[in-house]
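Okay, work.txt now, which holds compact mmCIF, C-alpha atoms:
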# COMPACT_ATOMS: atom_id res chain seq x y z
CA MET A 524 119.59 98.03 118.57
CA ASP A 525 116.68 100.31 117.73
CA ILE A 526 113.67 98.19 116.79
CA SER A 527 111.06 100.44 115.28
CA THR A 528 107.48 99.21 115.28
CA GLU A 529 106.19 102.38 113.65
CA TRP A 530 105.71 102.91 109.91
CA THR A 531 107.94 105.90 109.14
CA PRO A 532 107.59 107.31 105.60
CA SER A 533 110.33 109.88 106.29
CA LEU A 534 112.85 107.05 106.86
CA TRP A 535 111.97 105.68 103.41
CA LEU A 536 112.12 109.09 101.73
CA ASP A 537 115.42 110.05 103.37
CA THR A 538 117.02 106.69 102.58
CA PHE A 539 115.72 106.78 98.99
CA ASN A 540 117.25 110.23 98.46
CA GLU A 541 120.55 109.24 100.14
CA LEU A 542 120.93 106.20 97.90
CA LEU A 543 119.81 108.08 94.82
CA TYR A 544 121.89 111.25 95.19
CA ASP A 545 124.74 110.46 97.60
CA ASP A 546 125.44 106.90 96.41
CA ASN A 547 124.42 107.52 92.76
CA GLU A 548 122.35 104.32 92.59
CA LEU A 549 120.57 105.49 89.42
CA ASP A 550 123.18 107.68 87.74
CA TYR A 551 121.43 108.19 84.39
CA GLY A 552 120.45 111.85 84.61
CA ASP A 553 116.75 111.17 85.21
CA ARG A 554 114.78 112.54 88.15
CA TRP A 555 113.26 109.94 90.50
CA THR A 556 110.67 110.35 93.24
CA LEU A 557 109.28 108.04 95.90
CA ASN A 558 105.59 108.12 96.86
CA PHE A 559 103.27 106.04 99.03
CA ASN A 560 99.87 104.57 98.18
CA TYR A 561 98.22 102.47 100.88
CA SER A 562 95.60 101.01 98.53
CA LEU A 563 98.00 100.07 95.72
CA THR A 564 97.41 96.67 94.10
CA SER A 565 99.64 94.49 91.94
CA MET A 566 97.18 94.65 89.04
CA VAL A 567 98.58 96.62 86.13
CA THR A 568 96.07 97.30 83.37
CA ASN A 569 97.07 97.08 79.72
CA GLU A 570 96.83 100.87 79.55
CA GLU A 571 99.13 101.28 82.56
CA ARG A 572 101.55 98.74 81.09
CA LYS A 573 101.63 100.74 77.84
CA ARG A 574 102.54 103.80 79.92
CA GLY A 575 105.50 101.87 81.36
CA TRP A 576 104.30 100.76 84.81
CA LYS A 577 105.99 97.69 86.29
CA VAL A 578 105.47 95.89 89.62
CA PHE A 579 107.94 94.44 92.10
CA THR A 580 107.11 92.62 95.34
CA HIS A 581 109.72 92.41 98.09
CA CYS A 582 109.76 90.38 101.30
CA ALA A 583 111.31 92.23 104.25
CA TYR A 584 111.96 91.85 107.97
CA GLY A 585 109.81 94.23 109.99
CA ASN A 586 108.31 94.89 113.38
CA PHE A 587 104.73 95.56 114.41
CA GLN A 588 102.81 96.98 117.34
CA CYS A 589 99.08 96.43 117.81
CA ALA A 590 97.21 99.72 118.11
CA SER A 591 94.65 98.08 120.42
CA CYS A 592 96.62 96.03 122.95
CA LYS A 593 100.16 97.41 122.29
CA LYS A 594 101.65 93.92 121.83
CA THR A 595 104.75 93.92 119.59
CA TRP A 596 106.05 91.23 117.25
CA ALA A 597 108.59 90.73 114.50
CA SER A 598 108.01 89.14 111.11
CA ALA A 599 110.42 87.99 108.43
CA ARG A 600 107.56 88.00 105.92
CA VAL A 601 106.51 91.61 105.56
CA THR A 602 105.38 92.31 102.02
CA LEU A 603 106.25 95.54 100.25
CA LEU A 604 104.64 96.25 96.89
CA PHE A 605 106.49 98.60 94.54
CA ARG A 606 105.12 100.07 91.34
CA TYR A 607 107.56 102.00 89.17
CA ARG A 608 108.16 103.54 85.77
CA LEU A 609 110.43 105.88 83.86
CA LEU A 610 108.70 108.25 81.45
CA ARG A 611 110.43 111.10 79.59
CA GLY A 612 113.18 111.58 82.16
CA GLN A 613 110.86 111.34 85.19
CA GLY A 614 111.05 108.19 87.30
CA THR A 615 108.36 107.34 89.81
CA VAL A 616 108.41 104.69 92.52
CA ILE A 617 105.26 104.04 94.56
CA VAL A 618 105.45 101.77 97.60
CA ARG A 619 102.81 100.11 99.72
CA PRO A 620 103.63 98.29 102.94
CA PHE A 621 101.24 95.50 103.92
CA GLY A 622 100.15 95.11 107.51
CA GLN A 623 99.54 92.29 109.90
CA ALA A 624 96.83 91.80 112.52
CA CYS A 625 97.53 91.00 116.16
CA ARG A 626 97.36 87.35 117.19
CA SER A 627 96.60 88.26 120.82
CA CYS A 628 93.57 90.50 120.56
CA ARG A 629 92.41 89.56 117.04
CA SER A 630 91.21 93.10 116.47
CA ASN A 631 91.08 92.53 112.68
CA LYS A 632 92.89 95.83 112.23
CA PHE A 633 96.12 95.68 110.29
CA SER A 634 99.12 97.39 111.83
CA LEU A 635 101.69 98.81 109.43
CA PRO A 636 105.28 97.60 109.84
CA GLY A 637 108.26 99.44 111.21
CA PHE A 638 111.72 98.88 109.73
CA ASP A 639 115.27 99.63 110.70
CA LYS A 640 117.40 101.66 108.29
CA LYS A 641 119.39 98.64 107.09
CA GLU A 642 116.19 96.84 106.06
CA VAL A 643 114.93 99.95 104.21
CA GLU A 644 118.28 100.20 102.40
CA HIS A 645 118.08 96.52 101.43
CA ALA A 646 114.54 96.88 100.03
CA LEU A 647 115.47 100.03 98.09
CA HIS A 648 118.67 98.46 96.70
CA ARG A 649 116.52 95.61 95.38
CA GLN A 650 114.10 98.14 93.85
CA PHE A 651 116.99 100.05 92.23
CA PHE A 652 118.27 96.77 90.77
CA LYS A 653 114.83 96.19 89.20
CA ILE A 654 114.82 99.75 87.83
CA ARG A 655 118.30 99.36 86.30
CA LYS A 656 117.27 96.02 84.78
CA ASN A 657 113.80 96.98 83.49
CA CYS A 658 114.10 100.71 82.76
CA TYR A 659 117.75 100.98 81.69
CA ARG A 660 118.29 97.42 80.40
CA GLU A 661 121.28 96.86 82.68
CA GLU A 662 122.22 93.23 83.30
CA ASP A 663 124.38 92.73 86.38
CA ASP A 664 123.66 89.50 88.22
CA LYS A 665 126.46 90.16 90.73
CA ASP A 666 124.59 93.30 91.79
CA ASN A 667 121.41 91.29 92.38
CA GLU A 668 123.31 88.63 94.35
CA ARG A 669 124.87 91.31 96.54
CA TYR A 670 121.47 92.45 97.74
CA SER A 671 119.62 89.13 97.88
CA SER A 672 122.07 86.90 99.75
CA GLU A 673 121.18 88.12 103.22
CA SER A 674 121.05 85.51 105.98
CA GLU A 675 117.55 84.28 106.68
CA VAL A 676 116.02 85.27 110.00
CA LYS A 677 114.16 82.51 111.81
CA THR A 678 110.75 83.48 113.16
CA LYS A 679 107.55 81.73 114.15
CA PRO A 680 105.45 80.25 111.34
CA HIS A 681 103.67 82.81 109.21
CA GLU A 682 99.96 83.10 110.01
CA LYS A 683 98.21 83.73 106.71
CA THR A 684 94.92 84.68 108.37
CA LEU A 685 96.65 87.63 110.09
CA CYS A 686 98.52 88.84 107.00
CA GLN A 687 97.00 91.55 104.81
CA ALA A 688 99.18 90.56 101.83
CA CYS A 689 98.17 86.88 102.12
CA GLN A 690 94.52 87.90 102.07
CA MET A 691 95.17 89.74 98.80
CA GLY A 692 97.22 86.89 97.33
CA LEU A 693 100.47 88.89 97.34
CA CYS A 694 102.47 87.61 100.27
CA CYS A 695 106.23 87.65 99.79
CA ARG A 696 106.55 86.67 96.19
CA ASP A 697 110.02 88.15 96.20
CA ASP A 698 111.81 88.53 92.86
CA GLU A 699 108.63 88.42 90.79
CA ASP A 700 107.94 91.07 88.22
CA ASP A 701 104.92 91.69 86.05
CA ASP A 702 106.79 93.01 83.02
Target format structure tokens, applied to this file:
Amino acid sequence: MDISTEWTPSLWLDTFNELLYDDNELDYGDRWTLNFNYSLTSMVTNEERKRGWKVFTHCAYGNFQCASCKKTWASARVTLLFRYRLLRGQGTVIVRPFGQACRSCRSNKFSLPGFDKKEVEHALHRQFFKIRKNCYREEDDKDNERYSSESEVKTKPHEKTLCQACQMGLCCRDDEDDD
């Protein structure tokens, strides 16, 4: 099993496009793009809300490697923040991965997570469900269950002091939307 500890935007872009175009996840005739913003916050201003922006936070399983001491670790509480909207036939999804700091060397530098393809697919399926629900008014609870009933992975207790998302008050609030 390939356990990636490196943040790989190309894996996200390729998987997004595969799901979008090969699997027809959003088959409504609109054009969708995926972008990254590493300073994205969950705050949506009234003006942004009027322009259609919505927020989705997803909790994923990821792997990390400390840039200082090279120690690796896994976490079942890796927060991904998505911001998305559909405006005049153009859909935009912006994602921000949140990092974790190393327990061993306490360098106070956040390492970005690495994910395997299955985990990226799971996160994007959940995002597409939110898009279908909030942008296209689709209601399909079976679809949501299909992508949220994964078996839970047991890991060590989550250390809030080492989690970038915890420090911003955003850690793993899965299934929450700011509509």
Can you list, as a PDB file with C-alpha atoms, keeping the file's coordinate frame, every protein, DNA or RNA residue that comes within 8 Å of A:Val643 when you count all atoms listed in the file, leaving out same-chain residues fewer than 4 positions away?
ATOM      1  CA  LEU A 534     112.850 107.050 106.860  1.00  0.00           C
ATOM      2  CA  TRP A 535     111.970 105.680 103.410  1.00  0.00           C
ATOM      3  CA  THR A 538     117.020 106.690 102.580  1.00  0.00           C
ATOM      4  CA  PHE A 638     111.720  98.880 109.730  1.00  0.00           C
ATOM      5  CA  ASP A 639     115.270  99.630 110.700  1.00  0.00           C
ATOM      6  CA  LEU A 647     115.470 100.030  98.090  1.00  0.00           C
TER       7      LEU A 647
END
| request: Would you mind reading off the distance between atom CA of A:Thr568 and atom CA of A:Phe605, one decimal, in Å? | output: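 Between atom CA of A:Thr568 and atom CA of A:Phe605 the gap is 15.3 Å.
Nearest residue to A:Lys577 among A:His648, A:Lys653, A:Arg600, A:Lys632 is A:Lys653, counting all atoms listed in the file.
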Please list as a short mmCIF file (atom, residue, chain, number, x, y, z; two decimals) with C-alpha atoms, keeping the file's coordinate frame every residue within 9 Å of A:Cys658, counting all atoms listed in the file and excluding residues in the same chain fewer than 4 positions away.
data_model
loop_
_atom_site.label_atom_id
_atom_site.label_comp_id
_atom_site.auth_asym_id
_atom_site.auth_seq_id
_atom_site.Cartn_x
_atom_site.Cartn_y
_atom_site.Cartn_z
CA GLY A 575 105.50 101.87 81.36
CA ARG A 608 108.16 103.54 85.77
CA LEU A 609 110.43 105.88 83.86
CA LYS A 653 114.83 96.19 89.20
CA ILE A 654 114.82 99.75 87.83
#
| task | Compare A:Asn569, A:Thr684, A:Thr602, A:Asn547 by their minimum atom-to-atom distance to A:Tyr584, counting only C-alpha atoms, and give me the closest one. | result | A:Thr602
| Spatial neighbours of stretch 597-599 of chain A, 12 Å, all atoms listed in the file, chain gap at least 2 places, as a PyMOL selection string | chain A and resi 526-529+581-589+594-595+601-603+621-625+634-639+642+673-682+685-686+694-695
| Expressed in Å to a single decimal, how great is the separation between atom CA of A:Lys573 and atom CA of A:Pro620? |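 Between atom CA of A:Lys573 and atom CA of A:Pro620 the gap is 25.3 Å.
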| Which distance in Å separates atom CA of A:Arg660 and atom CA of A:Tyr551, to one decimal? |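 Rounded to one decimal, the two atoms are 11.9 Å apart.
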